[in-house]
>>> print(open('structure_3.cif').read())   # mmCIF, C-alpha atoms
data_run
loop_
_atom_site.label_atom_id
_atom_site.label_comp_id
_atom_site.auth_asym_id
_atom_site.auth_seq_id
_atom_site.Cartn_x
_atom_site.Cartn_y
_atom_site.Cartn_z
CA MET A 25 0.00 0.00 0.00
CA VAL A 26 2.58 2.52 1.03
CA SER A 27 4.86 1.91 -1.91
CA ARG A 28 3.48 5.22 -3.12
CA PHE A 29 6.10 6.92 -0.98
CA THR A 30 9.09 5.57 -2.82
CA ALA A 31 9.27 6.88 -6.33
CA ALA A 32 10.83 10.33 -6.62
CA SER A 33 8.54 11.07 -9.54
CA ILE A 34 5.57 10.76 -7.23
CA ARG A 35 6.79 13.65 -5.13
CA SER A 36 6.57 15.91 -8.11
CA ALA A 37 2.80 15.38 -8.08
CA ALA A 38 2.38 17.29 -4.81
CA PRO A 39 2.73 20.82 -6.28
CA LEU A 40 0.30 19.86 -9.04
CA PHE A 41 -2.43 18.96 -6.60
CA SER A 42 -1.60 21.98 -4.48
CA ALA A 43 -1.98 24.24 -7.49
CA MET A 44 -5.38 22.74 -8.27
CA GLY A 45 -6.49 23.00 -4.64
CA ASP A 46 -7.80 26.50 -5.23
CA PRO A 47 -11.32 26.72 -6.69
CA THR A 48 -10.44 29.56 -9.10
CA ARG A 49 -7.37 27.75 -10.39
CA LEU A 50 -9.17 24.44 -10.74
CA SER A 51 -11.90 26.14 -12.75
CA LEU A 52 -9.26 27.79 -14.96
CA VAL A 53 -7.77 24.36 -15.66
CA VAL A 54 -11.20 22.91 -16.38
CA HIS A 55 -12.03 25.86 -18.62
CA LEU A 56 -8.79 25.59 -20.62
CA THR A 57 -9.39 21.87 -21.00
CA THR A 58 -12.51 22.55 -23.02
CA SER A 59 -11.84 25.95 -24.55
CA GLY A 60 -8.35 25.59 -25.94
CA PRO A 61 -5.85 28.51 -25.85
CA GLU A 62 -7.22 31.82 -24.56
CA SER A 63 -6.03 35.30 -23.70
CA ILE A 64 -6.23 36.78 -20.20
CA SER A 65 -8.96 39.18 -21.25
CA SER A 66 -11.06 36.39 -22.64
CA LEU A 67 -10.40 34.26 -19.55
CA SER A 68 -11.48 37.04 -17.18
CA GLU A 69 -14.55 37.94 -19.24
CA GLY A 70 -17.75 37.32 -17.33
CA SER A 71 -15.75 36.42 -14.25
CA ASN A 72 -15.86 38.31 -10.99
CA VAL A 73 -12.13 37.74 -10.59
CA SER A 74 -9.87 40.58 -11.75
CA ARG A 75 -7.41 40.26 -14.61
CA GLN A 76 -4.55 40.71 -12.15
CA ALA A 77 -5.85 37.87 -9.99
CA ILE A 78 -6.35 35.64 -13.04
CA THR A 79 -2.79 36.40 -14.13
CA LYS A 80 -1.47 35.47 -10.69
CA HIS A 81 -3.42 32.20 -10.68
CA LEU A 82 -2.18 31.36 -14.18
CA ARG A 83 1.43 31.95 -13.10
CA ILE A 84 0.98 29.55 -10.17
CA LEU A 85 -0.52 26.97 -12.52
CA GLY A 86 2.37 27.62 -14.92
CA ASP A 87 4.96 27.04 -12.17
CA ALA A 88 3.28 23.73 -11.40
CA GLY A 89 3.51 22.73 -15.07
CA LEU A 90 -0.23 22.69 -15.70
CA VAL A 91 -0.47 25.59 -18.18
CA ARG A 92 1.92 27.52 -20.42
CA SER A 93 1.74 30.81 -22.22
CA SER A 94 2.99 32.21 -25.50
CA ARG A 95 3.07 35.75 -26.78
CA HIS A 96 0.90 36.79 -29.67
CA GLY A 97 1.48 40.47 -30.41
CA ARG A 98 0.64 42.35 -27.24
CA GLU A 99 -1.24 39.50 -25.64
CA HIS A 100 -0.25 36.42 -23.73
CA ILE A 101 -2.18 33.36 -24.78
CA TRP A 102 -2.57 30.65 -22.17
CA GLN A 103 -3.14 27.01 -22.83
CA LEU A 104 -3.16 23.72 -21.00
CA ASP A 105 0.12 21.85 -20.66
CA PRO A 106 -1.05 18.25 -21.04
CA SER A 107 2.10 16.83 -19.47
CA GLY A 108 1.21 18.37 -16.09
CA LEU A 109 -2.21 16.80 -16.03
CA ALA A 110 -0.75 13.51 -17.21
CA THR A 111 1.65 13.48 -14.24
CA ALA A 112 -1.21 14.12 -11.83
CA ARG A 113 -3.31 11.42 -13.46
CA ARG A 114 -0.46 8.90 -13.32
CA TYR A 115 -0.12 9.59 -9.62
CA LEU A 116 -3.82 8.98 -8.97
CA ASP A 117 -3.79 5.91 -11.23
CA ARG A 118 -0.96 4.51 -9.19
CA ILE A 119 -2.72 5.10 -5.86
CA ASP A 120 -5.89 3.69 -7.39
CA ALA A 121 -4.04 0.51 -8.41
CA GLN A 122 -2.50 0.24 -4.95
CA TRP A 123 -5.95 0.33 -3.38
CA ASP A 124 -7.07 -2.44 -5.75
CA ALA A 125 -4.13 -4.58 -4.66
CA ALA A 126 -4.77 -3.85 -0.97
CA ILE A 127 -8.46 -4.72 -1.38
CA SER A 128 -7.49 -8.04 -2.99
CA ARG A 129 -5.37 -8.84 0.05
CA LEU A 130 -8.18 -7.76 2.40
CA ARG A 131 -10.57 -10.06 0.55
CA GLY A 132 -8.19 -12.97 0.95
CA HIS A 133 -7.76 -12.07 4.60
CA VAL A 134 -11.45 -12.00 5.59
CA GLU A 135 -13.00 -14.46 3.14
CA ASP A 136 -10.60 -17.38 3.39
CA GLU A 137 -11.78 -18.48 6.79
CA MET B 21 -15.55 3.75 -8.28
CA ASN B 22 -15.74 7.50 -8.37
CA THR B 23 -12.31 8.97 -8.84
CA SER B 24 -11.85 12.68 -9.37
CA SER B 25 -8.93 15.00 -8.78
CA ASP B 26 -9.90 15.16 -5.12
CA GLN B 27 -10.73 11.60 -4.15
CA ILE B 28 -10.48 7.90 -4.87
CA GLN B 29 -13.39 5.74 -3.86
CA LYS B 30 -13.72 1.96 -3.84
CA VAL B 31 -16.89 0.02 -3.09
CA VAL B 32 -16.28 -3.63 -2.29
CA SER B 33 -18.62 -6.53 -1.50
CA LEU B 34 -17.05 -8.98 0.93
CA ARG B 35 -18.31 -12.43 1.87
CA ALA B 36 -17.68 -11.91 5.57
CA SER B 37 -19.66 -10.52 8.49
CA ARG B 38 -19.43 -6.90 9.50
CA ALA B 39 -17.77 -7.92 12.76
CA ARG B 40 -15.10 -9.80 10.81
CA VAL B 41 -14.46 -6.97 8.36
CA TRP B 42 -14.37 -4.45 11.21
CA ARG B 43 -11.66 -6.46 12.95
CA ALA B 44 -9.62 -6.61 9.74
CA ILE B 45 -9.73 -2.81 9.54
CA ALA B 46 -9.75 -1.43 13.08
CA ASP B 47 -7.32 -3.90 14.65
CA SER B 48 -3.96 -2.40 13.79
CA SER B 49 -2.16 -5.74 13.51
CA GLU B 50 -4.86 -7.13 11.21
CA LEU B 51 -4.96 -4.00 9.07
CA GLY B 52 -1.20 -4.10 8.92
CA LYS B 53 -1.25 -7.54 7.29
CA TRP B 54 -3.16 -6.53 4.18
CA PHE B 55 -2.23 -2.84 4.23
CA GLN B 56 1.44 -3.82 4.53
CA VAL B 57 2.31 -1.63 7.47
CA GLU B 58 3.57 -2.70 10.87
CA PHE B 59 1.98 -0.36 13.43
CA GLU B 60 3.54 0.32 16.81
CA GLY B 61 0.33 -0.26 18.79
CA PRO B 62 -3.48 -0.26 18.70
CA PHE B 63 -5.61 2.43 17.01
CA ARG B 64 -7.08 4.92 19.47
CA LEU B 65 -9.52 7.70 18.65
CA GLY B 66 -7.84 11.08 18.37
CA GLU B 67 -4.34 9.67 18.63
CA SER B 68 -1.51 9.43 16.14
CA ILE B 69 0.27 6.19 15.55
CA LYS B 70 3.49 5.41 13.75
CA GLY B 71 4.13 2.47 11.53
CA ARG B 72 6.67 1.04 9.16
CA SER B 73 6.01 -0.24 5.71
CA THR B 74 6.47 -3.95 5.14
CA HIS B 75 6.05 -3.51 1.38
CA GLU B 76 9.01 -5.00 -0.44
CA ASP B 77 9.61 -1.84 -2.49
CA CYS B 78 9.96 0.45 0.50
CA LYS B 79 10.77 -1.63 3.51
CA ALA B 80 10.85 0.36 6.76
CA ALA B 81 9.56 3.61 5.26
CA GLU B 82 7.95 5.43 8.17
CA ILE B 83 4.34 6.47 8.10
CA GLU B 84 2.15 8.23 10.61
CA ALA B 85 -1.63 8.07 10.80
CA SER B 86 -3.92 10.08 13.06
CA ILE B 87 -7.16 8.33 13.93
CA GLU B 88 -10.10 10.61 13.21
CA GLU B 89 -13.17 8.38 13.62
CA LEU B 90 -13.68 5.02 15.26
CA GLU B 91 -17.30 3.83 15.41
CA PRO B 92 -17.40 0.07 15.86
CA GLU B 93 -18.61 -1.85 12.81
CA LEU B 94 -19.62 1.41 11.09
CA LEU B 95 -16.80 3.82 10.40
CA PHE B 96 -13.05 4.01 10.77
CA SER B 97 -10.96 6.86 9.41
CA PHE B 98 -7.45 8.19 9.61
CA ARG B 99 -5.48 11.03 8.12
CA TRP B 100 -2.03 10.48 6.65
CA HIS B 101 0.43 12.04 4.26
CA PRO B 102 0.15 10.72 0.76
CA TYR B 103 3.25 12.20 -0.86
CA GLU B 104 6.56 11.96 0.93
CA ILE B 105 7.92 11.71 4.09
CA ASP B 106 11.29 13.26 3.43
CA SER B 107 13.12 14.28 6.53
CA GLY B 108 13.59 17.78 5.14
CA ILE B 109 9.87 18.41 4.84
CA ASP B 110 7.78 19.91 7.63
CA ARG B 111 5.15 17.25 8.14
CA SER B 112 2.58 19.58 9.66
CA GLN B 113 2.67 21.76 6.55
CA ALA B 114 2.49 18.91 4.07
CA PRO B 115 -0.87 18.06 2.52
CA SER B 116 -2.57 15.05 4.08
CA THR B 117 -5.39 12.85 2.86
CA LEU B 118 -8.28 11.32 4.79
CA VAL B 119 -8.88 7.58 4.42
CA GLU B 120 -12.37 6.42 5.40
CA PHE B 121 -13.70 2.89 5.73
CA ARG B 122 -17.53 2.61 5.91
CA LEU B 123 -19.24 -0.69 6.61
CA GLU B 124 -22.81 -1.70 5.76
CA ASP B 125 -24.70 -4.97 5.76
CA GLU B 126 -25.17 -6.47 2.34
CA GLY B 127 -27.08 -9.73 2.30
CA GLU B 128 -25.01 -12.23 4.25
CA GLY B 129 -21.91 -10.19 3.78
CA THR B 130 -20.58 -6.68 4.07
CA ARG B 131 -20.33 -3.73 1.77
CA LEU B 132 -17.17 -1.77 2.39
CA THR B 133 -16.70 1.73 0.97
CA ILE B 134 -13.15 3.06 1.06
CA THR B 135 -12.62 6.75 0.28
CA GLU B 136 -9.31 8.54 0.18
CA SER B 137 -9.85 12.28 -0.21
CA GLY B 138 -7.99 15.57 -0.04
CA PHE B 139 -5.51 15.24 -2.91
CA ASP B 140 -6.24 18.84 -3.81
CA ALA B 141 -5.38 19.99 -0.33
CA LEU B 142 -3.17 22.94 0.32
CA PRO B 143 -1.06 23.23 3.44
CA LYS B 144 -2.91 23.66 6.70
CA ASP B 145 -3.19 27.44 6.82
CA ARG B 146 -5.09 27.54 3.55
CA ARG B 147 -7.06 24.38 4.05
CA ASP B 148 -10.40 25.96 5.01
CA GLU B 149 -10.69 28.13 1.96
CA SER B 150 -9.37 25.52 -0.40
CA PHE B 151 -11.32 22.54 0.80
CA GLN B 152 -14.57 23.52 -0.84
CA ARG B 153 -15.53 20.76 -3.16
CA ASN B 154 -15.39 21.78 -6.72
CA GLU B 155 -17.60 20.52 -9.45
CA GLY B 156 -15.48 19.58 -12.39
CA GLY B 157 -11.86 18.66 -12.24
CA TRP B 158 -10.87 16.03 -14.66
CA LYS B 159 -12.40 12.64 -14.42
CA GLN B 160 -10.28 9.61 -14.49
CA GLN B 161 -11.33 6.43 -16.14
CA VAL B 162 -13.65 4.67 -13.77
CA LYS B 163 -12.24 1.30 -12.97
CA ASN B 164 -13.95 -1.90 -12.12
CA VAL B 165 -13.11 -2.43 -8.50
CA THR B 166 -15.41 -5.31 -7.76
CA LYS B 167 -13.16 -7.95 -9.25
CA HIS B 168 -13.12 -11.10 -7.25
CA VAL B 169 -9.59 -12.36 -6.94
CA ASP B 170 -10.78 -15.65 -5.50
CA GLY B 171 -13.22 -16.17 -8.35
#
>>> encode(input="structure_3.cif", output="structure tokens")
Amino acid sequence: MVSRFTAASIRSAAPLFSAMGDPTRLSLVVHLTTSGPESISSLSEGSNVSRQAITKHLRILGDAGLVRSSRHGREHIWQLDPSGLATARRYLDRIDAQWDAAISRLRGHVEDE
Amino acid sequence: MNTSSDQIQKVVSLRASRARVWRAIADSSELGKWFQVEFEGPFRLGESIKGRSTHEDCKAAEIEASIEELEPELLFSFRWHPYEIDSGIDRSQAPSTLVEFRLEDEGEGTRLTITESGFDALPKDRRDESFQRNEGGWKQQVKNVTKHVDG
């Protein structure tokens, strides 16, 4: 069960989950997942969060490897970085598989009597 | 069954009585056998307990669990750290997850629901504001967790 603690790669998942632990940031990730690349002004449109705040959240997500930006003229365009989400998903997949293995052992433990 | 960015949930049907399943979960030496952790003593409500992994990949890795709920034959839960434990990291500031075991009667046997939640958690000082559940997040492939290893 606790083999999850070993791999160094697993540790890198912690900042990813931390970054998504904020409701605004998680909704930005979800939004970019469906919308594709967008500018800050388009991301803050219809939102009660300021452009400055959106920019700050995007930088945090960028540091965690979940989004990346590129410059188009005067605007920064933000898009999802699929590798960040893939790392987070691999981590959860691994824990999920460890639970399956633990449950198999539990079943053997309580049913073979 | 339902796995999102915040939690992993498993629902399992076991051919054993609730009393038997409870013992396998709430007795630290029994849990240790299938959970692959050797705990230093019994589980007590509100207390933390240390243990060492007996998993072959990480023998002797230290873990610590704090017992949050202990309602005989109904609910057992503990909080632990899912990511590290590197000596350089301040444990109290590291995100922790909550593992819950819920037991219900199901025919002659027991339905066990295991939920591990809090993967989105921020360190303690921001926990309250960040712990609001969020609709959305990406969904992982739902897996079939009711496989019977003993046929």
>>> residues_around(input="structure_3.cif", residues="Thr48 in chain A", least_positions_apart="5", cutoff="9 Å", atoms="all atoms listed in the file", output="number ranges by chain")
A: 53, 73, 78, 81
>>> atom_distance(input="structure_3.cif", atom1="CA of Ala112 in chain A", atom2="CA of Trp54 in chain B")
26.2 Å
>>> resolve_selection(input="structure_3.cif", expression="the PyMOL selection byres ((chain B and resi 49) around 9)", output="PyMOL selection string")
chain B and resi 44+46-48+50-53+57-62
>>> atom_distance(input="structure_3.cif", atom1="CA of Leu118 in chain B", atom2="CA of Leu95 in chain B")
12.7 Å
>>> residues_around(input="structure_3.cif", residues="Leu67 in chain A", least_positions_apart="6", cutoff="12 Å", atoms="only C-alpha atoms", output="JSON list (two decimals) with C-alpha atoms, in the coordinates of the input")
[["chain", "number", "residue", "atom", "x", "y", "z"],
["A", 48, "THR", "CA", -10.44, 29.56, -9.10],
["A", 49, "ARG", "CA", -7.37, 27.75, -10.39],
["A", 51, "SER", "CA", -11.90, 26.14, -12.75],
["A", 52, "LEU", "CA", -9.26, 27.79, -14.96],
["A", 53, "VAL", "CA", -7.77, 24.36, -15.66],
["A", 54, "VAL", "CA", -11.20, 22.91, -16.38],
["A", 55, "HIS", "CA", -12.03, 25.86, -18.62],
["A", 56, "LEU", "CA", -8.79, 25.59, -20.62],
["A", 59, "SER", "CA", -11.84, 25.95, -24.55],
["A", 60, "GLY", "CA", -8.35, 25.59, -25.94],
["A", 61, "PRO", "CA", -5.85, 28.51, -25.85],
["A", 73, "VAL", "CA", -12.13, 37.74, -10.59],
["A", 74, "SER", "CA", -9.87, 40.58, -11.75],
["A", 75, "ARG", "CA", -7.41, 40.26, -14.61],
["A", 76, "GLN", "CA", -4.55, 40.71, -12.15],
["A", 77, "ALA", "CA", -5.85, 37.87, -9.99],
["A", 78, "ILE", "CA", -6.35, 35.64, -13.04],
["A", 79, "THR", "CA", -2.79, 36.40, -14.13],
["A", 81, "HIS", "CA", -3.42, 32.20, -10.68],
["A", 82, "LEU", "CA", -2.18, 31.36, -14.18],
["A", 100, "HIS", "CA", -0.25, 36.42, -23.73],
["A", 101, "ILE", "CA", -2.18, 33.36, -24.78],
["A", 102, "TRP", "CA", -2.57, 30.65, -22.17],
["A", 103, "GLN", "CA", -3.14, 27.01, -22.83]]
>>> closest_residue(input="structure_3.cif", among="A:Glu135, A:Tyr115, A:Ala126, A:Glu62", to="Ile134 in chain B", atoms="only C-alpha atoms")
A:Ala126
>>> atom_distance(input="structure_3.cif", atom1="CA of Leu104 in chain A", atom2="CA of Leu90 in chain A")
6.1 Å
>>> resolve_selection(input="structure_3.cif", expression="the PyMOL selection byres ((chain B and resi 69) around 6)", output="PyMOL selection string")
chain B and resi 68+70+84-85
>>> resolve_selection(input="structure_3.cif", expression="the PyMOL selection byres ((chain B and resi 67) around 9)", output="PDB file with C-alpha atoms, keeping the file's coordinate frame")
ATOM      1  CA  PHE B  63      -5.610   2.430  17.010  1.00  0.00           C
ATOM      2  CA  ARG B  64      -7.080   4.920  19.470  1.00  0.00           C
ATOM      3  CA  LEU B  65      -9.520   7.700  18.650  1.00  0.00           C
ATOM      4  CA  GLY B  66      -7.840  11.080  18.370  1.00  0.00           C
ATOM      5  CA  SER B  68      -1.510   9.430  16.140  1.00  0.00           C
ATOM      6  CA  ILE B  69       0.270   6.190  15.550  1.00  0.00           C
ATOM      7  CA  ALA B  85      -1.630   8.070  10.800  1.00  0.00           C
ATOM      8  CA  SER B  86      -3.920  10.080  13.060  1.00  0.00           C
ATOM      9  CA  ILE B  87      -7.160   8.330  13.930  1.00  0.00           C
ATOM     10  CA  GLU B  88     -10.100  10.610  13.210  1.00  0.00           C
TER      11      GLU B  88
END
>>> closest_residue(input="structure_3.cif", among="A:Arg98, A:Arg83, A:Arg114, A:Arg92", to="chain B", atoms="only C-alpha atoms")
A:Arg114
>>> residues_near_point(input="structure_3.cif", point="(-16.8, 0.0, -3.1)", cutoff="6 Å", atoms="only C-alpha atoms", output="PyMOL selection string")
chain B and resi 30-32+132-133
>>> closest_residue(input="structure_3.cif", among="A:Asn72, A:Ser65, A:Asp46, A:Leu40", to="chain B", atoms="all atoms listed in the file")
A:Asp46
>>> closest_residue(input="structure_3.cif", among="A:Ser68, A:Ser63, A:Ser94, A:Thr58", to="chain B", atoms="only C-alpha atoms")
A:Thr58
>>> closest_residue(input="structure_3.cif", among="B:Trp42, B:Glu124, B:Arg131, B:Ser73", to="Leu90 in chain B", atoms="all atoms listed in the file")
B:Trp42
>>> axis_aligned_box(input="structure_3.cif", around="range 46-53 of chain A", padding_each_side="4 Å", output="lines of an AutoDock Vina configuration file")
center_x = -9.6
center_y = 27.0
center_z = -10.4
size_x = 12.5
size_y = 13.2
size_z = 18.4
>>> residues_around(input="structure_3.cif", residues="Glu126 in chain B", least_positions_apart="2", cutoff="10 Å", atoms="only C-alpha atoms", output="number ranges by chain")
B: 33-38, 123-124, 128-132
